[in-house]
Amino acid sequence: MRARGVLAALTAAVLLGGVSACGSTGDPGGDGNPHSFAELKYWGFAEWDRWAKRHDFRNPAVAGVWSAETMDQAPPQQPAPAPDSSSSASTPAAPSPVAGEPSASGAPSTTSAPPAVAAQPVPRPYTSYPASGKVFMTAPNGGTGQCSATVVADPANPGRSNLVWTAAHCVHEGKGGDWYKNLVFVPAYNSSGAASDHQRAKLAEVAPLGQWWADRVITSPLWTTEGTRGGDAANQYDFAVIKVRGPEGESRSLEEVIGTAVPVWFDAPREQLAIQAWGYPAVAPFDGQELERCDSGRPGSRSFDAARPSMLVIGCTMTAGASGGGWFADGPDGRQRLVSNTSIGTQAHTALNGPYLEGVARQALDYISRK
């Protein structure tokens, strides 16, 4: 989700919000982008690799960028409400409008809209649930931001994952923009509550498991070429995977340090899901220092473009800052799996929407895992 201000009063709404032949890999403009959504579905490792190399991500670690105070003050990545759309305050990214408003592809189609579900605080310490945490970033032209994120299992490195799942708008500005900088993941952020109510705290208290800097990032080219200030078809692919490296002197993987990583469940049967959404909402009545969850049950659906997989929609009162937070459901083996992430929401703070993770998301994870 996004915000229209950096260290300014935040009145954000909810966010959270023709193909070539099969296998064709056209390269319009020499930028590695697909000709169309339909073509992207057939991409393999070589196409993802070409795209990543032509959209280079660089994120050198800079000591002291993220102090406890700086992280506390970073505004959430979430759109502002429509009445404030003319605000000139700086922001780390162009905000998207509230889901449910008309977009360039027409009014969204929504079915089975669920009732609102009140977010509940997750019991401390958060180190008991260390797969959940926060991502912090700075924009190319200035301004800071924060999102939620989840440590996910690495298919190529079982037991040694360094992969973190979040929303695309938490790592890239979208159409015409660039990657965010100083991108860092903090698992179990504010586990002890030392920074609750914006109290002054030590870095070790808010980042008990360290700060993990991003080495690589992959997201859908549909976000980087189409993502705008409006909730639209690009949000149907609003996901990203970050590969991180440990703090200086740490030779173990992120999964080894925190003790867990959540498998991703692609093509999960919508009608069989009972979803729990987790995140760090940061707009009132929340303050961004508390991990919250919504036990939302079976999802509905929302689509801005019928040609693309429709988004999942759940009842939940979490606000800006929860963007990128994991949506979980029990898999066939009874183990909890990640099935989506928070992307956009509603101005009334009653629902969240997340991308449906299918073949394109699977290919993105496979690519960054193999790299």
# chains A, B, ... in the order shown; residues from 1 in each chain; ligands from 1
>>> residues_around(residues="Phe266 of chain A", least_positions_apart="4", cutoff="8 Å", atoms="only C-alpha atoms", output="PyMOL selection string")
chain A and resi 339+357-359+361-362
>>> write_last_selection(atoms="C-alpha atoms", output="compact mmCIF listing (two decimals), in the first residue's frame")
# COMPACT_ATOMS: atom_id res chain seq x y z
CA VAL A 339 -1.59 -17.97 -1.11
CA LEU A 357 -0.80 -16.61 -7.48
CA GLU A 358 -0.63 -18.84 -10.56
CA GLY A 359 1.85 -19.63 -13.34
CA ALA A 361 4.08 -15.91 -9.97
CA ARG A 362 5.46 -19.46 -9.95
>>> select_by_dssp(residues="segment 238-337 of chain A", states="strand (DSSP E)", output="PyMOL selection string")
chain A and resi 240-245+275-279+292-297+300-303+311-315+326-330+336-337
>>> closest_residue(among="A:Ala194, A:Gly32, A:Thr350, A:Trp278", to="Ala46 of chain A", atoms="only C-alpha atoms")
A:Gly32
>>> residues_around(residues="Leu163 of chain A", least_positions_apart="2", cutoff="6 Å", atoms="only C-alpha atoms", output="PyMOL selection string")
chain A and resi 151-152+161+242-243
>>> closest_residue(among="A:Thr70, A:Ser343, A:Ser191, A:Thr144", to="Ala233 of chain A", atoms="only C-alpha atoms")
A:Ser343
>>> closest_residue(among="A:Pro187, A:Pro299, A:Pro208, A:Gly354", to="Leu254 of chain A", atoms="only C-alpha atoms")
A:Pro187
>>> decode(residues="segment 310-340 of chain A", atoms="N, CA, C and O atoms", output="mmCIF file, in the first residue's frame")
data_model
loop_
_atom_site.group_PDB
_atom_site.id
_atom_site.type_symbol
_atom_site.label_atom_id
_atom_site.label_comp_id
_atom_site.auth_asym_id
_atom_site.auth_seq_id
_atom_site.Cartn_x
_atom_site.Cartn_y
_atom_site.Cartn_z
ATOM 1 N N SER A 310 -8.537 -13.243 -11.590
ATOM 2 C CA SER A 310 -9.142 -12.268 -10.694
ATOM 3 C C SER A 310 -8.466 -12.309 -9.328
ATOM 4 O O SER A 310 -7.944 -13.334 -8.888
ATOM 5 N N MET A 311 -8.466 -11.166 -8.652
ATOM 6 C CA MET A 311 -7.863 -11.059 -7.337
ATOM 7 C C MET A 311 -8.738 -11.748 -6.297
ATOM 8 O O MET A 311 -9.944 -11.914 -6.485
ATOM 9 N N LEU A 312 -8.116 -12.133 -5.190
ATOM 10 C CA LEU A 312 -8.856 -12.597 -4.029
ATOM 11 C C LEU A 312 -9.259 -11.377 -3.216
ATOM 12 O O LEU A 312 -8.505 -10.409 -3.119
ATOM 13 N N VAL A 313 -10.449 -11.407 -2.616
ATOM 14 C CA VAL A 313 -10.891 -10.307 -1.771
ATOM 15 C C VAL A 313 -11.415 -10.878 -0.462
ATOM 16 O O VAL A 313 -12.157 -11.862 -0.452
ATOM 17 N N ILE A 314 -10.979 -10.279 0.650
ATOM 18 C CA ILE A 314 -11.370 -10.750 1.976
ATOM 19 C C ILE A 314 -11.843 -9.583 2.829
ATOM 20 O O ILE A 314 -11.444 -8.447 2.615
ATOM 21 N N GLY A 315 -12.688 -9.871 3.787
ATOM 22 C CA GLY A 315 -13.050 -8.865 4.764
ATOM 23 C C GLY A 315 -11.926 -8.682 5.756
ATOM 24 O O GLY A 315 -11.408 -9.660 6.309
ATOM 25 N N CYS A 316 -11.500 -7.416 5.993
ATOM 26 C CA CYS A 316 -10.412 -7.142 6.941
ATOM 27 C C CYS A 316 -10.316 -5.642 7.144
ATOM 28 O O CYS A 316 -10.400 -4.877 6.186
ATOM 29 N N THR A 317 -10.101 -5.216 8.386
ATOM 30 C CA THR A 317 -10.058 -3.783 8.702
ATOM 31 C C THR A 317 -8.634 -3.221 8.754
ATOM 32 O O THR A 317 -8.457 -2.075 9.156
ATOM 33 N N MET A 318 -7.635 -3.992 8.346
ATOM 34 C CA MET A 318 -6.272 -3.446 8.349
ATOM 35 C C MET A 318 -6.148 -2.311 7.341
ATOM 36 O O MET A 318 -6.829 -2.292 6.316
ATOM 37 N N THR A 319 -5.252 -1.378 7.642
ATOM 38 C CA THR A 319 -5.082 -0.167 6.837
ATOM 39 C C THR A 319 -3.694 -0.148 6.182
ATOM 40 O O THR A 319 -2.975 -1.148 6.185
ATOM 41 N N ALA A 320 -3.326 1.010 5.642
ATOM 42 C CA ALA A 320 -2.041 1.177 4.978
ATOM 43 C C ALA A 320 -0.903 0.715 5.870
ATOM 44 O O ALA A 320 -0.914 0.929 7.073
ATOM 45 N N GLY A 321 0.096 0.094 5.236
ATOM 46 C CA GLY A 321 1.200 -0.505 5.968
ATOM 47 C C GLY A 321 1.114 -2.009 5.942
ATOM 48 O O GLY A 321 2.124 -2.708 6.030
ATOM 49 N N ALA A 322 -0.112 -2.529 5.786
ATOM 50 C CA ALA A 322 -0.297 -3.974 5.679
ATOM 51 C C ALA A 322 0.029 -4.480 4.283
ATOM 52 O O ALA A 322 0.102 -5.689 4.059
ATOM 53 N N SER A 323 0.237 -3.572 3.325
ATOM 54 C CA SER A 323 0.588 -3.969 1.967
ATOM 55 C C SER A 323 1.759 -4.925 1.954
ATOM 56 O O SER A 323 2.753 -4.704 2.640
ATOM 57 N N GLY A 324 1.640 -5.969 1.147
ATOM 58 C CA GLY A 324 2.707 -6.950 1.028
ATOM 59 C C GLY A 324 2.621 -8.042 2.065
ATOM 60 O O GLY A 324 3.282 -9.080 1.932
ATOM 61 N N GLY A 325 1.816 -7.835 3.125
ATOM 62 C CA GLY A 325 1.670 -8.839 4.163
ATOM 63 C C GLY A 325 1.089 -10.140 3.615
ATOM 64 O O GLY A 325 0.288 -10.144 2.688
ATOM 65 N N GLY A 326 1.481 -11.257 4.211
ATOM 66 C CA GLY A 326 1.090 -12.558 3.705
ATOM 67 C C GLY A 326 -0.345 -12.949 3.991
ATOM 68 O O GLY A 326 -0.904 -12.612 5.038
ATOM 69 N N TRP A 327 -0.937 -13.653 3.026
ATOM 70 C CA TRP A 327 -2.236 -14.299 3.187
ATOM 71 C C TRP A 327 -1.966 -15.800 3.246
ATOM 72 O O TRP A 327 -1.347 -16.369 2.328
ATOM 73 N N PHE A 328 -2.451 -16.447 4.299
ATOM 74 C CA PHE A 328 -2.116 -17.844 4.536
ATOM 75 C C PHE A 328 -3.369 -18.726 4.571
ATOM 76 O O PHE A 328 -4.450 -18.288 4.951
ATOM 77 N N ALA A 329 -3.167 -19.981 4.174
ATOM 78 C CA ALA A 329 -4.229 -20.983 4.246
ATOM 79 C C ALA A 329 -3.580 -22.339 4.444
ATOM 80 O O ALA A 329 -2.421 -22.549 4.043
ATOM 81 N N ASP A 330 -4.290 -23.258 5.062
ATOM 82 C CA ASP A 330 -3.765 -24.605 5.272
ATOM 83 C C ASP A 330 -3.806 -25.380 3.958
ATOM 84 O O ASP A 330 -4.838 -25.443 3.286
ATOM 85 N N GLY A 331 -2.661 -25.976 3.594
ATOM 86 C CA GLY A 331 -2.578 -26.775 2.388
ATOM 87 C C GLY A 331 -3.129 -28.171 2.588
ATOM 88 O O GLY A 331 -3.584 -28.528 3.685
ATOM 89 N N PRO A 332 -3.095 -28.999 1.548
ATOM 90 C CA PRO A 332 -3.619 -30.364 1.637
ATOM 91 C C PRO A 332 -2.960 -31.194 2.737
ATOM 92 O O PRO A 332 -3.574 -32.104 3.286
ATOM 93 N N ASP A 333 -1.692 -30.867 3.065
ATOM 94 C CA ASP A 333 -0.983 -31.597 4.101
ATOM 95 C C ASP A 333 -1.187 -31.004 5.482
ATOM 96 O O ASP A 333 -0.589 -31.450 6.468
ATOM 97 N N GLY A 334 -2.028 -29.957 5.565
ATOM 98 C CA GLY A 334 -2.294 -29.323 6.842
ATOM 99 C C GLY A 334 -1.295 -28.260 7.212
ATOM 100 O O GLY A 334 -1.480 -27.562 8.223
ATOM 101 N N ARG A 335 -0.237 -28.094 6.419
ATOM 102 C CA ARG A 335 0.783 -27.089 6.706
ATOM 103 C C ARG A 335 0.346 -25.741 6.139
ATOM 104 O O ARG A 335 -0.201 -25.657 5.039
ATOM 105 N N GLN A 336 0.599 -24.685 6.898
ATOM 106 C CA GLN A 336 0.220 -23.347 6.452
ATOM 107 C C GLN A 336 1.067 -22.928 5.258
ATOM 108 O O GLN A 336 2.276 -23.105 5.237
ATOM 109 N N ARG A 337 0.395 -22.342 4.257
ATOM 110 C CA ARG A 337 1.068 -21.918 3.033
ATOM 111 C C ARG A 337 0.647 -20.495 2.681
ATOM 112 O O ARG A 337 -0.443 -20.057 3.044
ATOM 113 N N LEU A 338 1.505 -19.807 1.948
ATOM 114 C CA LEU A 338 1.180 -18.463 1.479
ATOM 115 C C LEU A 338 0.404 -18.566 0.167
ATOM 116 O O LEU A 338 0.843 -19.240 -0.773
ATOM 117 N N VAL A 339 -0.757 -17.897 0.092
ATOM 118 C CA VAL A 339 -1.589 -17.970 -1.109
ATOM 119 C C VAL A 339 -1.769 -16.613 -1.784
ATOM 120 O O VAL A 339 -2.258 -16.541 -2.908
ATOM 121 N N SER A 340 -1.372 -15.512 -1.123
ATOM 122 C CA SER A 340 -1.473 -14.184 -1.718
ATOM 123 C C SER A 340 -0.784 -13.181 -0.797
ATOM 124 O O SER A 340 -0.185 -13.560 0.222
#
